[in-house]
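J.: Provided below: run_14.cif, containing mmCIF, C-alpha atoms and all ligand atoms.
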```cif
data_work
#
loop_
_atom_site.label_atom_id
_atom_site.label_comp_id
_atom_site.auth_asym_id
_atom_site.auth_seq_id
_atom_site.Cartn_x
_atom_site.Cartn_y
_atom_site.Cartn_z
CA MET A 1179 59.37 68.23 221.33
CA ASP A 1180 59.12 70.43 218.30
CA PHE A 1181 56.02 72.55 217.74
CA GLY A 1182 57.34 74.10 214.51
CA PHE A 1183 56.46 73.40 210.89
CA THR A 1184 59.26 72.68 208.42
CA GLU A 1185 60.57 75.48 206.23
CA GLU A 1186 58.95 73.75 203.27
CA GLN A 1187 55.59 73.62 205.07
CA GLU A 1188 55.83 77.32 205.99
CA MET A 1189 56.57 78.23 202.37
CA PHE A 1190 53.66 76.10 201.26
CA ARG A 1191 51.40 77.81 203.83
CA ALA A 1192 52.39 81.20 202.38
CA SER A 1193 51.56 79.99 198.85
CA VAL A 1194 48.12 78.73 199.96
CA VAL A 1195 47.41 82.12 201.59
CA GLU A 1196 48.50 83.85 198.39
CA PHE A 1197 46.19 81.59 196.38
CA ALA A 1198 43.25 82.16 198.73
CA LYS A 1199 43.67 85.95 198.72
CA ARG A 1200 43.58 85.92 194.92
CA GLU A 1201 40.92 83.28 194.26
CA LEU A 1202 38.61 83.26 197.29
CA THR A 1203 37.66 86.93 197.31
CA PRO A 1204 34.78 88.05 199.57
CA GLU A 1205 32.61 88.71 196.48
CA LYS A 1206 33.12 85.19 195.10
CA VAL A 1207 32.60 83.55 198.49
CA LYS A 1208 29.37 85.46 198.96
CA SER A 1209 28.06 84.53 195.51
CA TRP A 1210 28.86 80.80 196.00
CA ASP A 1211 26.85 80.90 199.20
CA LYS A 1212 23.97 82.85 197.66
CA ASN A 1213 23.72 80.64 194.57
CA ALA A 1214 24.45 77.43 196.50
CA SER A 1215 27.01 76.61 193.84
CA PHE A 1216 30.72 77.03 193.18
CA THR A 1217 31.71 78.40 189.77
CA PRO A 1218 33.72 75.94 187.63
CA ASP A 1219 36.72 78.29 187.44
CA LEU A 1220 37.33 77.51 191.14
CA PHE A 1221 37.98 73.83 190.36
CA GLU A 1222 40.40 74.73 187.59
CA ARG A 1223 42.28 77.15 189.86
CA LEU A 1224 42.44 74.64 192.74
CA ALA A 1225 43.85 72.07 190.33
CA GLN A 1226 46.40 74.51 188.90
CA ALA A 1227 47.60 75.23 192.44
CA GLY A 1228 47.90 71.49 193.13
CA LEU A 1229 45.20 71.66 195.82
CA ALA A 1230 42.52 69.52 194.12
CA GLY A 1231 44.75 66.46 194.47
CA ILE A 1232 46.77 67.51 197.51
CA ALA A 1233 46.33 64.23 199.42
CA LEU A 1234 46.31 61.87 196.41
CA PRO A 1235 49.36 59.81 195.46
CA GLN A 1236 51.64 61.37 192.83
CA GLU A 1237 51.28 58.35 190.51
CA TYR A 1238 47.61 59.36 190.02
CA GLY A 1239 48.33 63.04 189.44
CA GLY A 1240 48.13 64.14 193.08
CA GLN A 1241 50.67 65.87 195.30
CA GLY A 1242 51.09 63.05 197.82
CA ALA A 1243 51.33 65.57 200.66
CA ASP A 1244 51.74 64.46 204.27
CA SER A 1245 48.78 64.85 206.64
CA VAL A 1246 50.17 67.95 208.41
CA THR A 1247 50.56 69.68 205.04
CA VAL A 1248 46.98 68.76 204.10
CA GLY A 1249 46.01 70.34 207.44
CA ILE A 1250 47.82 73.53 206.49
CA VAL A 1251 45.85 73.70 203.22
CA VAL A 1252 42.56 73.18 204.99
CA GLU A 1253 43.25 75.67 207.80
CA GLU A 1254 44.31 78.45 205.43
CA LEU A 1255 41.54 77.92 202.87
CA ALA A 1256 38.97 77.92 205.69
CA LYS A 1257 40.10 81.38 206.78
CA PHE A 1258 38.76 82.60 203.43
CA ASP A 1259 35.92 80.16 202.80
CA PHE A 1260 34.95 77.24 205.01
CA ASN A 1261 33.18 75.55 202.10
CA VAL A 1262 36.20 75.47 199.79
CA ALA A 1263 38.21 73.82 202.57
CA ASN A 1264 35.40 71.28 202.93
CA LEU A 1265 35.35 70.66 199.20
CA VAL A 1266 39.00 69.60 199.41
CA ILE A 1267 38.26 67.38 202.42
CA ILE A 1268 35.20 65.58 201.03
CA ASP A 1269 36.25 65.34 197.40
CA ASN A 1270 39.95 64.63 197.64
CA VAL A 1271 40.71 63.36 201.16
CA LEU A 1272 37.61 61.42 202.15
CA SER A 1273 36.09 60.06 198.94
CA ALA A 1274 38.98 59.91 196.47
CA GLY A 1275 41.17 58.91 199.43
CA ILE A 1276 39.08 55.76 199.93
CA LEU A 1277 39.29 54.94 196.21
CA ALA A 1278 43.06 55.52 196.26
CA GLY A 1279 43.48 53.31 199.32
CA TYR A 1280 41.21 50.41 198.45
CA GLY A 1281 39.92 50.70 194.84
CA LYS A 1282 40.79 48.59 191.80
CA GLU A 1283 43.82 49.77 189.88
CA GLU A 1284 41.98 50.21 186.55
CA LEU A 1285 39.43 52.57 188.18
CA LYS A 1286 42.08 54.51 190.08
CA ARG A 1287 44.04 55.14 186.87
CA ILE A 1288 40.96 56.68 185.22
CA ILE A 1289 39.23 58.54 188.05
CA LEU A 1290 41.90 59.86 190.41
CA PRO A 1291 43.70 62.01 187.78
CA GLU A 1292 40.29 63.51 186.89
CA VAL A 1293 39.78 64.48 190.55
CA ALA A 1294 43.32 65.88 190.83
CA ASN A 1295 42.83 68.01 187.71
CA GLY A 1296 39.49 69.35 189.02
CA LYS A 1297 37.42 67.93 186.14
CA LYS A 1298 35.48 65.42 188.26
CA HIS A 1299 34.37 65.31 191.88
CA MET A 1300 33.58 62.60 194.38
CA GLY A 1301 31.36 62.30 197.44
CA ILE A 1302 30.59 59.76 200.11
CA ALA A 1303 27.13 58.25 200.65
CA LEU A 1304 26.62 56.47 203.97
CA THR A 1305 23.71 58.20 205.75
CA GLU A 1306 20.10 57.18 205.03
CA PRO A 1307 16.75 58.80 205.86
CA HIS A 1308 16.17 56.57 208.90
CA THR A 1309 19.78 56.35 210.19
CA GLY A 1310 22.84 58.54 210.62
CA SER A 1311 24.74 57.98 213.87
CA ASP A 1312 23.83 54.29 213.85
CA ALA A 1313 25.50 53.81 210.48
CA ALA A 1314 25.68 50.01 210.85
CA ASN A 1315 21.90 50.04 210.52
CA ILE A 1316 21.76 51.14 206.86
CA LYS A 1317 19.18 49.39 204.70
CA THR A 1318 20.54 49.93 201.17
CA VAL A 1319 21.38 46.53 199.73
CA ALA A 1320 23.74 45.26 197.04
CA LYS A 1321 22.89 41.84 195.61
CA LYS A 1322 24.94 39.88 193.08
CA GLU A 1323 22.82 39.17 189.99
CA ASP A 1324 23.83 38.25 186.42
CA GLY A 1325 27.43 39.43 186.73
CA TYR A 1326 26.59 42.73 188.48
CA TYR A 1327 25.94 44.14 191.92
CA VAL A 1328 22.38 45.48 191.94
CA LEU A 1329 21.84 48.38 194.34
CA ASN A 1330 18.50 49.31 195.91
CA GLY A 1331 17.84 51.86 198.62
CA GLU A 1332 18.10 55.54 199.48
CA LYS A 1333 20.90 57.76 200.75
CA ALA A 1334 20.04 61.10 202.39
CA SER A 1335 21.90 64.07 203.85
CA VAL A 1336 24.80 63.44 201.49
CA SER A 1337 27.14 66.28 200.46
CA MET A 1338 28.10 66.89 196.81
CA VAL A 1339 24.81 65.75 195.21
CA GLY A 1340 24.70 67.44 191.80
CA LEU A 1341 28.42 68.16 191.99
CA ALA A 1342 30.08 64.74 192.25
CA SER A 1343 30.29 62.40 189.27
CA TYR A 1344 31.08 59.46 191.54
CA PHE A 1345 30.11 58.45 195.06
CA VAL A 1346 31.73 55.97 197.39
CA LEU A 1347 28.48 54.35 198.45
CA PHE A 1348 27.90 51.91 201.31
CA ALA A 1349 25.41 49.05 201.08
CA LYS A 1350 24.66 45.80 202.86
CA THR A 1351 26.05 42.71 201.17
CA ALA A 1352 25.31 40.50 204.20
CA PRO A 1353 22.46 42.22 206.12
CA GLU A 1354 22.47 39.59 208.86
CA LEU A 1355 26.04 40.57 209.88
CA GLY A 1356 25.32 44.20 210.89
CA SER A 1357 28.38 46.45 210.57
CA LYS A 1358 30.38 43.42 209.34
CA GLY A 1359 28.04 43.00 206.37
CA ILE A 1360 28.59 46.41 204.74
CA SER A 1361 30.58 46.90 201.52
CA ALA A 1362 31.84 50.00 199.71
CA PHE A 1363 31.10 50.59 196.02
CA LEU A 1364 32.02 53.17 193.45
CA LEU A 1365 28.74 54.55 192.11
CA PRO A 1366 28.89 56.52 188.83
CA MET A 1367 26.10 59.07 189.07
CA ASP A 1368 25.12 58.55 185.43
CA ALA A 1369 24.25 54.87 186.07
CA GLU A 1370 20.72 53.86 185.08
CA GLY A 1371 18.30 53.90 188.03
CA VAL A 1372 20.02 56.71 189.97
CA GLU A 1373 17.85 59.70 190.91
CA THR A 1374 18.71 62.64 193.15
CA TYR A 1375 17.03 65.38 195.16
CA SER A 1376 18.39 68.49 196.90
CA PHE A 1377 18.19 70.00 200.39
CA ASP A 1378 17.83 73.77 200.84
CA ASP A 1379 20.41 74.22 203.62
CA PHE A 1380 21.01 77.33 205.71
CA GLY A 1381 24.79 76.88 205.56
CA TYR A 1382 27.40 74.82 203.71
CA ARG A 1383 25.35 75.67 200.63
CA PRO A 1384 27.69 75.17 197.65
CA LEU A 1385 28.45 71.68 198.96
CA LYS A 1386 24.97 70.68 197.87
CA ARG A 1387 23.55 68.31 200.46
CA GLY A 1388 20.87 66.03 199.07
CA GLY A 1389 19.61 62.50 198.58
CA ILE A 1390 20.24 59.62 196.17
CA LEU A 1391 17.57 57.09 195.18
CA LEU A 1392 18.79 53.75 193.87
CA LYS A 1393 16.36 51.62 191.87
CA ASN A 1394 17.91 48.40 190.54
CA VAL A 1395 21.19 50.15 189.79
CA LYS A 1396 23.60 47.71 188.15
CA ILE A 1397 27.29 48.22 188.74
CA PRO A 1398 30.16 45.97 187.66
CA PHE A 1399 32.07 43.80 190.15
CA GLN A 1400 35.20 45.90 189.67
CA ASN A 1401 33.37 48.80 191.39
CA LEU A 1402 33.55 46.99 194.71
CA ILE A 1403 36.04 48.97 196.84
CA GLY A 1404 38.14 46.80 199.16
CA GLN A 1405 36.89 43.33 200.04
CA GLU A 1406 33.22 42.46 200.41
CA ASN A 1407 31.93 43.25 203.93
CA GLN A 1408 34.93 45.48 204.75
CA GLY A 1409 33.15 48.76 204.00
CA PHE A 1410 32.41 49.82 207.58
CA LYS A 1411 36.05 49.46 208.66
CA ILE A 1412 37.22 51.36 205.57
CA VAL A 1413 34.92 54.33 206.10
CA MET A 1414 35.55 54.60 209.85
CA LYS A 1415 39.30 54.65 209.24
CA GLN A 1416 39.00 57.40 206.64
CA PHE A 1417 36.64 59.37 208.91
CA ASP A 1418 39.47 59.63 211.46
CA PHE A 1419 41.41 61.68 208.93
CA SER A 1420 38.46 63.74 207.67
CA LYS A 1421 37.16 64.46 211.21
CA THR A 1422 40.51 65.97 212.16
CA LEU A 1423 40.65 68.09 209.02
CA LEU A 1424 37.04 69.25 209.42
CA SER A 1425 37.87 70.33 212.97
CA LEU A 1426 40.91 72.23 211.71
CA ALA A 1427 38.77 73.91 209.05
CA CYS A 1428 36.42 75.06 211.84
CA VAL A 1429 39.45 76.53 213.66
CA GLY A 1430 40.56 78.40 210.51
CA THR A 1431 37.14 79.96 210.03
CA ALA A 1432 36.77 80.85 213.73
CA LEU A 1433 40.22 82.49 213.73
CA ALA A 1434 39.20 84.62 210.73
CA ALA A 1435 36.03 85.65 212.59
CA LEU A 1436 38.01 86.60 215.71
CA ASP A 1437 40.59 88.54 213.68
CA ASP A 1438 37.76 90.56 212.12
CA ALA A 1439 36.30 91.22 215.56
CA LEU A 1440 39.71 92.29 216.87
CA SER A 1441 40.28 94.75 213.99
CA TYR A 1442 36.83 96.18 214.55
CA ALA A 1443 37.33 96.49 218.31
CA LYS A 1444 40.57 98.44 217.79
CA GLN A 1445 38.87 101.20 215.84
CA ARG A 1446 35.25 101.23 217.13
CA GLU A 1447 34.81 103.80 219.88
CA ALA A 1448 32.32 103.83 222.74
CA PHE A 1449 32.34 106.03 225.83
CA GLY A 1450 35.27 107.97 224.39
CA ARG A 1451 37.70 105.11 223.78
CA PRO A 1452 38.23 102.11 221.47
CA ILE A 1453 36.06 99.23 222.72
CA LEU A 1454 39.18 97.01 222.86
CA LYS A 1455 40.21 99.03 225.93
CA PHE A 1456 37.30 97.50 227.84
CA GLU A 1457 38.46 94.39 229.65
CA ALA A 1458 35.18 92.61 228.97
CA VAL A 1459 35.94 92.88 225.24
CA GLN A 1460 39.64 92.01 225.63
CA PHE A 1461 38.92 89.01 227.83
CA ARG A 1462 36.27 87.64 225.49
CA LEU A 1463 38.76 87.68 222.61
CA VAL A 1464 41.65 86.41 224.75
CA GLU A 1465 39.61 83.42 225.96
CA HIS A 1466 38.64 82.41 222.42
CA TYR A 1467 42.16 82.88 221.02
CA THR A 1468 43.52 80.70 223.85
CA LEU A 1469 41.01 77.91 223.29
CA LEU A 1470 41.48 78.01 219.52
CA GLU A 1471 45.25 77.74 219.91
CA ALA A 1472 44.78 74.63 222.06
CA ALA A 1473 42.30 73.20 219.54
CA ARG A 1474 44.64 73.91 216.64
CA LEU A 1475 47.50 72.12 218.41
CA LEU A 1476 45.32 69.08 219.09
CA CYS A 1477 44.45 68.91 215.37
CA TYR A 1478 48.08 69.17 214.26
CA LYS A 1479 49.18 66.63 216.87
CA THR A 1480 46.54 64.23 215.55
CA LEU A 1481 47.73 64.74 211.95
CA TRP A 1482 51.32 64.26 213.12
CA LEU A 1483 50.35 60.94 214.73
CA ARG A 1484 48.86 59.89 211.39
CA ASP A 1485 52.04 60.84 209.56
CA LYS A 1486 54.06 58.76 212.03
CA GLY A 1487 51.82 55.75 211.40
CA LEU A 1488 50.66 55.81 215.05
CA PRO A 1489 47.06 55.23 216.22
CA TYR A 1490 45.01 58.45 216.23
CA THR A 1491 41.34 57.38 216.43
CA LYS A 1492 40.97 58.72 219.99
CA GLU A 1493 42.58 62.08 219.20
CA ALA A 1494 40.49 62.48 216.01
CA ALA A 1495 37.30 61.90 217.99
CA MET A 1496 38.52 64.33 220.70
CA CYS A 1497 38.97 66.98 217.98
CA LYS A 1498 35.54 66.34 216.52
CA TRP A 1499 33.48 66.37 219.75
CA TRP A 1500 35.15 69.50 221.06
CA ILE A 1501 36.19 71.79 218.25
CA PRO A 1502 33.18 72.47 215.98
CA ARG A 1503 31.10 73.67 218.97
CA LEU A 1504 34.05 75.66 220.34
CA CYS A 1505 34.34 77.41 216.97
CA VAL A 1506 30.61 78.11 216.75
CA GLU A 1507 30.93 79.83 220.16
CA ALA A 1508 33.98 81.83 219.03
CA ILE A 1509 32.17 83.02 215.89
CA HIS A 1510 29.08 83.80 217.95
CA ASP A 1511 31.13 85.99 220.30
CA SER A 1512 32.88 87.67 217.38
CA ILE A 1513 29.40 88.76 216.27
CA ILE A 1514 28.60 90.06 219.75
CA THR A 1515 31.93 91.93 219.84
CA ILE A 1516 31.19 93.75 216.58
CA GLY A 1517 27.60 94.42 217.58
CA ASN A 1518 24.84 95.42 215.19
CA PRO A 1519 26.77 95.50 211.87
CA ALA A 1520 27.73 91.84 212.22
CA TYR A 1521 24.08 90.84 212.39
CA SER A 1522 23.77 91.84 208.73
CA LYS A 1523 24.41 89.58 205.77
CA ASP A 1524 26.81 92.25 204.53
CA TYR A 1525 29.27 91.00 207.14
CA PRO A 1526 30.88 87.56 206.64
CA GLN A 1527 30.28 86.51 210.26
CA GLU A 1528 26.77 85.10 209.94
CA LYS A 1529 27.82 82.92 207.00
CA ARG A 1530 30.74 81.59 209.02
CA LEU A 1531 28.35 80.66 211.82
CA ARG A 1532 25.92 78.93 209.43
CA ASP A 1533 28.68 76.98 207.68
CA VAL A 1534 30.60 75.80 210.75
CA MET A 1535 27.41 74.64 212.53
CA GLY A 1536 26.97 71.94 209.88
CA ILE A 1537 30.10 70.22 211.17
CA GLU A 1538 28.54 69.84 214.62
CA ILE A 1539 26.50 67.15 212.83
CA GLY A 1540 28.30 66.12 209.61
CA ASP A 1541 30.86 63.28 210.01
CA GLY A 1542 29.30 62.43 213.38
CA THR A 1543 27.91 64.44 216.31
CA ALA A 1544 29.75 65.22 219.56
CA ASP A 1545 27.71 62.54 221.37
CA ILE A 1546 28.98 59.84 219.03
CA GLN A 1547 32.57 61.10 219.16
CA LYS A 1548 32.54 60.95 222.96
CA ILE A 1549 31.47 57.29 222.72
CA VAL A 1550 34.52 56.70 220.49
CA VAL A 1551 36.87 58.49 222.92
CA ALA A 1552 35.48 56.47 225.83
CA ARG A 1553 35.88 53.22 223.88
CA GLU A 1554 39.48 54.04 222.94
CA ALA A 1555 40.46 55.42 226.36
CA PHE A 1556 38.56 53.20 228.80
CA GLY A 1557 38.26 49.95 226.81
CA ARG A 1558 35.69 48.15 224.67
CA GLU A 1559 34.12 46.51 227.71
CA PHE A 1560 32.54 49.89 228.54
CA VAL A 1561 30.86 50.38 225.14
CA PRO A 1562 27.14 50.61 226.04
CA TYR A 1563 26.05 48.39 223.13
CA LYS A 1564 27.93 46.09 220.75
C1 LIG A 1601 26.43 69.49 206.73
C2 LIG A 1601 26.30 68.01 206.71
C3 LIG A 1601 27.01 67.28 205.76
C4 LIG A 1601 26.87 65.89 205.70
N1 LIG A 1601 27.51 65.19 204.72
C5 LIG A 1601 27.36 63.84 204.63
C6 LIG A 1601 27.96 63.11 203.57
O1 LIG A 1601 28.66 63.68 202.72
N2 LIG A 1601 27.75 61.77 203.51
C7 LIG A 1601 26.99 61.10 204.44
O2 LIG A 1601 26.85 59.90 204.33
N3 LIG A 1601 26.40 61.78 205.46
C8 LIG A 1601 26.57 63.13 205.57
N4 LIG A 1601 25.96 63.83 206.59
C9 LIG A 1601 25.12 63.11 207.55
C10 LIG A 1601 25.79 63.00 208.92
O3 LIG A 1601 26.89 62.15 208.89
C11 LIG A 1601 24.70 62.56 209.92
O4 LIG A 1601 23.78 63.62 209.97
C12 LIG A 1601 25.28 62.29 211.30
O5 LIG A 1601 26.00 61.09 211.30
C13 LIG A 1601 24.20 62.24 212.38
O6 LIG A 1601 23.14 61.44 211.98
P1 LIG A 1601 21.63 61.99 212.04
O7 LIG A 1601 21.64 63.38 211.54
O8 LIG A 1601 20.78 61.01 211.35
O9 LIG A 1601 21.26 62.07 213.56
P2 LIG A 1601 20.73 60.86 214.48
O10 LIG A 1601 21.63 59.70 214.35
O11 LIG A 1601 19.30 60.65 214.23
O12 LIG A 1601 20.93 61.50 215.91
C14 LIG A 1601 20.05 62.52 216.39
C15 LIG A 1601 20.58 62.98 217.75
O13 LIG A 1601 20.65 61.88 218.66
C16 LIG A 1601 21.97 61.78 219.19
N5 LIG A 1601 22.33 60.38 219.37
C17 LIG A 1601 22.18 59.35 218.49
N6 LIG A 1601 22.69 58.21 219.00
C18 LIG A 1601 23.18 58.52 220.23
C19 LIG A 1601 23.84 57.79 221.25
N7 LIG A 1601 24.13 56.49 221.11
N8 LIG A 1601 24.20 58.44 222.39
C20 LIG A 1601 23.95 59.76 222.53
N9 LIG A 1601 23.33 60.51 221.59
C21 LIG A 1601 22.94 59.91 220.46
C22 LIG A 1601 22.87 62.44 218.16
O14 LIG A 1601 24.09 62.88 218.74
C23 LIG A 1601 21.99 63.58 217.69
O15 LIG A 1601 22.10 64.67 218.56
C24 LIG A 1601 26.05 65.22 206.64
C25 LIG A 1601 25.35 65.97 207.60
C26 LIG A 1601 25.46 67.34 207.63
C27 LIG A 1601 24.68 68.13 208.63
#
```
Output the structure of this file as structure tokens.
Ligand SMILES: Cc1cc2nc3c(=O)[nH]c(=O)nc-3n(C[C@H](O)[C@H](O)[C@H](O)COP(=O)(O)OP(=O)(O)OC[C@H]3O[C@@H](n4cnc5c(N)ncnc54)[C@H](O)[C@@H]3O)c2cc1C
T.:
Amino acid sequence: MDFGFTEEQEMFRASVVEFAKRELTPEKVKSWDKNASFTPDLFERLAQAGLAGIALPQEYGGQGADSVTVGIVVEELAKFDFNVANLVIIDNVLSAGILAGYGKEELKRIILPEVANGKKHMGIALTEPHTGSDAANIKTVAKKEDGYYVLNGEKASVSMVGLASYFVLFAKTAPELGSKGISAFLLPMDAEGVETYSFDDFGYRPLKRGGILLKNVKIPFQNLIGQENQGFKIVMKQFDFSKTLLSLACVGTALAALDDALSYAKQREAFGRPILKFEAVQFRLVEHYTLLEAARLLCYKTLWLRDKGLPYTKEAAMCKWWIPRLCVEAIHDSIITIGNPAYSKDYPQEKRLRDVMGIEIGDGTADIQKIVVAREAFGREFVPYK
């Protein structure tokens, strides 16, 4: 067994930290949260550093990095801003990743270089107002008419609304077939008949969660991604990758919160000594550092399995049910360790808590992930419903 990263990966990690120190300053991070918007210079800088297209193939302007290296990017960015790490995951890995894997060549040649150079963004639109966990039950439909697919329906709780120029959108092409009747489409957000609305979220704010209304939206046949009725399989496969990275981003942010609590505990005095001398404080930090180390290793093992071409659905779901909540608890206790100052918005801790909580829901709740682990570990015959 080898738990080490390669020399190249360690050098890359150092360069991502360097980038984050320079570009993700506390002032910028705070303003992106306050204004619920990133500033465009961020996209340019991410692209210049090769991070906007980190997971995309080199032939489309990306870096073609392996999964462990993408994990390194996400973990380190998340120590400075959880939302920038998520931007990379949703835009580049999840959405553009689906286009790169299954889209038509002529679209890939145009769109993927624009994502890699930070000029355009992508999102993923699966959830609807009436259904989230039960994603096979979506009602948006795509019907073939006069040489087009015509989309009608509504997507809700979708990240990147108002930021992404394109969405990978899922609609029923054969409603009678359930999950086997869903197809993936590339939706340009300037298409006629597309309207949007925004959510006012308490965390995850610059990632702009919102809704998309589709009224007789015509899109060409070439915008079908993959084969007709393959959409559900495509998205679930890509979610395995994004779930693992989202979990690792939670770990990065929780580690930053704990490190802040540790620094504070070393210098804050109570009853004539630094509070870190109290075992209650030490043990609280020790327990969280231990659990986060285990969580981090599970994430990297899962990414390693992906790089080896081995199955990793079970491990990805294990990461996702366990780690976001674990990290919320670590950040919570880092607030308790610092005491009253950390309850203020002047401290970064409350923002970390707000942001990471979103991933207890986004990309699937713990309940749903446990169903996936049970299915993979105990067998399909024990799935409660088919
Ligand atoms: C920050 C954030 C970002 C998001 N980004 C996107 C995005 O970019 N694109 C997109 O398409 N969607 C996105 N989502 C939506 C997200 O994927 C859904 O919210 C998620 O799948 C859960 O669906 P739901 O919220 O409708 O909850 P529901 O499905 O209504 O579930 C409600 C509760 O019931 C539980 N539950 C449901 N079914 C079961 C079951 N079988 N067994 C046990 N418990 C069950 C759930 O665990 C949950 O606690 C985002 C959500 C958030 C919060």
J.: With 4 Å of padding per side, what axis-aligned box (centre and edge lengths, Å, one decimal) covers all the listed atoms of ligand LIG 1601 (chain A)? Give it as AutoDock Vina command-line options.
T.:
```
--center_x 24.0 --center_y 63.0 --center_z 212.6 --size_x 17.4 --size_y 21.0 --size_z 27.8
```
J.: Counting only C-alpha atoms and all ligand atoms, which protein, DNA or RNA residues come within 9 Å of ligand LIG 1601 (chain A), given as number ranges by chain?
T.: A: 1268, 1301-1313, 1333-1339, 1347-1348, 1379, 1381-1383, 1385-1388, 1533-1549, 1562-1563
J.: Could you check the closest approach to Arg1287 of chain A for each of A:Thr1217, A:Gln1236, A:Thr1422, A:Thr1431 and tell me which residue wins, using only C-alpha atoms?
T.: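 Using only C-alpha atoms, Arg1287 of chain A sits closest to A:Gln1236.
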J.: What is the atom CA of Asp1511 of chain A-atom CA of Ile1250 of chain A distance in Å, reported with one decimal?
T.: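 Distance between the two atoms: 25.0 Å.
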J.: Any idea what's packed within 7 Å of Leu1481 of chain A, counting only C-alpha atoms, ignoring anything in its chain fewer than 3 positions away? Could you give it as number ranges by chain?
T.: A: 1245-1246, 1477-1478, 1484-1485
J.: For a quick check of your reading of the model, name the residues lying within 10 Å of the coordinate (39.2, 75.9, 204.6), counting all atoms listed in the file, and write them as a ChimeraX atom specification.
T.: /A:1198,1249-1267,1423-1424,1426-1431
J.: Out of A:Asn1407, A:Leu1272, A:Gly1240, A:Leu1454, which residue has the shortest atom-to-atom distance to Val1319 of chain A when counting all atoms listed in the file?
T.: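 Looking at the shortest contact to Val1319 of chain A, the residue is A:Asn1407.
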J.: Between atom CA of Tyr1375 of chain A and atom CA of Leu1391 of chain A, what is the distance in Å, rounded to a tenth?
T.: 8.3 Å
J.: Between atom CA of Pro1291 of chain A and atom CA of Ala1320 of chain A, what distance in Å does the model show, to one decimal?
T.: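 Atom CA of Ala1320 of chain A lies 27.7 Å from atom CA of Pro1291 of chain A.
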J.: Which is closest to Glu1354 of chain A among A:Asn1315, A:Lys1444, A:Leu1433, A:Glu1205, if we use all atoms listed in the file?
T.: A:Asn1315
J.: Which residues are near Arg1462 of chain A? Cut-off 12 Å, only C-alpha atoms, ignore same chain within fewer than 5 positions. Put them as a list in words.
T.: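 Skipping anything fewer than 5 positions along the chain leaves Leu1436, Ala1439, Leu1440, Ala1443, Ile1453, Leu1454, Phe1456, Glu1457, Tyr1467, Thr1468, Leu1469, Glu1507, Ala1508, Ile1509, His1510, Asp1511, Ser1512, Ile1513, Ile1514, Thr1515 and Ile1516 of chain A.
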J.: Mind running segment 1314-1358 of chain A against segment 1395-1406 of chain A at 8 Å and telling me each contacting residue's nearest atom pair with the distance in Å (one decimal), counting all atoms listed in the file, chain and number ascending, as a tab-separated table?
T.:
```
residue	atom	partner	partner_atom	distance
A:Gly1325	CA	A:Pro1398	CA	7.1
A:Tyr1326	CA	A:Pro1398	CA	4.9
A:Tyr1327	CA	A:Ile1397	CA	5.3
A:Val1328	CA	A:Lys1396	CA	4.6
A:Leu1329	CA	A:Val1395	CA	4.9
A:Asn1330	CA	A:Val1395	CA	6.7
A:Thr1351	CA	A:Glu1406	CA	7.2
```
J.: Residues at most 10 Å from Met1496 of chain A, counting all atoms listed in the file, excluding those fewer than 2 positions away in the same chain, as number ranges by chain?
T.: A: 1421-1422, 1425, 1473, 1476-1477, 1480, 1490-1494, 1498-1501, 1544, 1547-1548, 1550-1552
J.: Residues proximal to (37.4, 73.6, 189.0) were defined as those with any atom within 12 Å of that point in the file's coordinates, counting only C-alpha atoms. Which are they, as number ranges by chain?
T.: A: 1201, 1215-1231, 1262, 1265-1266, 1269, 1292-1299, 1341-1342
J.: My list of candidates is A:Leu1202, A:Ala1369, A:Ala1435, A:Leu1475. Which is closest to Ala1520 of chain A when distances are computed with all atoms listed in the file?
T.: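 Of all the options, A:Ala1435 lies closest to Ala1520 of chain A.
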J.: For each of A:Phe1461, A:Phe1560, A:Tyr1442, A:Trp1482, take the minimum atom-to-atom distance to Gly1517 of chain A, counting all atoms listed in the file, then give the residue where this is smallest.
T.: A:Tyr1442
J.: From the list A:Pro1366, A:Pro1235, A:Pro1526, A:Pro1489, which residue is nearest Gly1279 of chain A when using only C-alpha atoms?
T.: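 Using only C-alpha atoms, Gly1279 of chain A sits closest to A:Pro1235.
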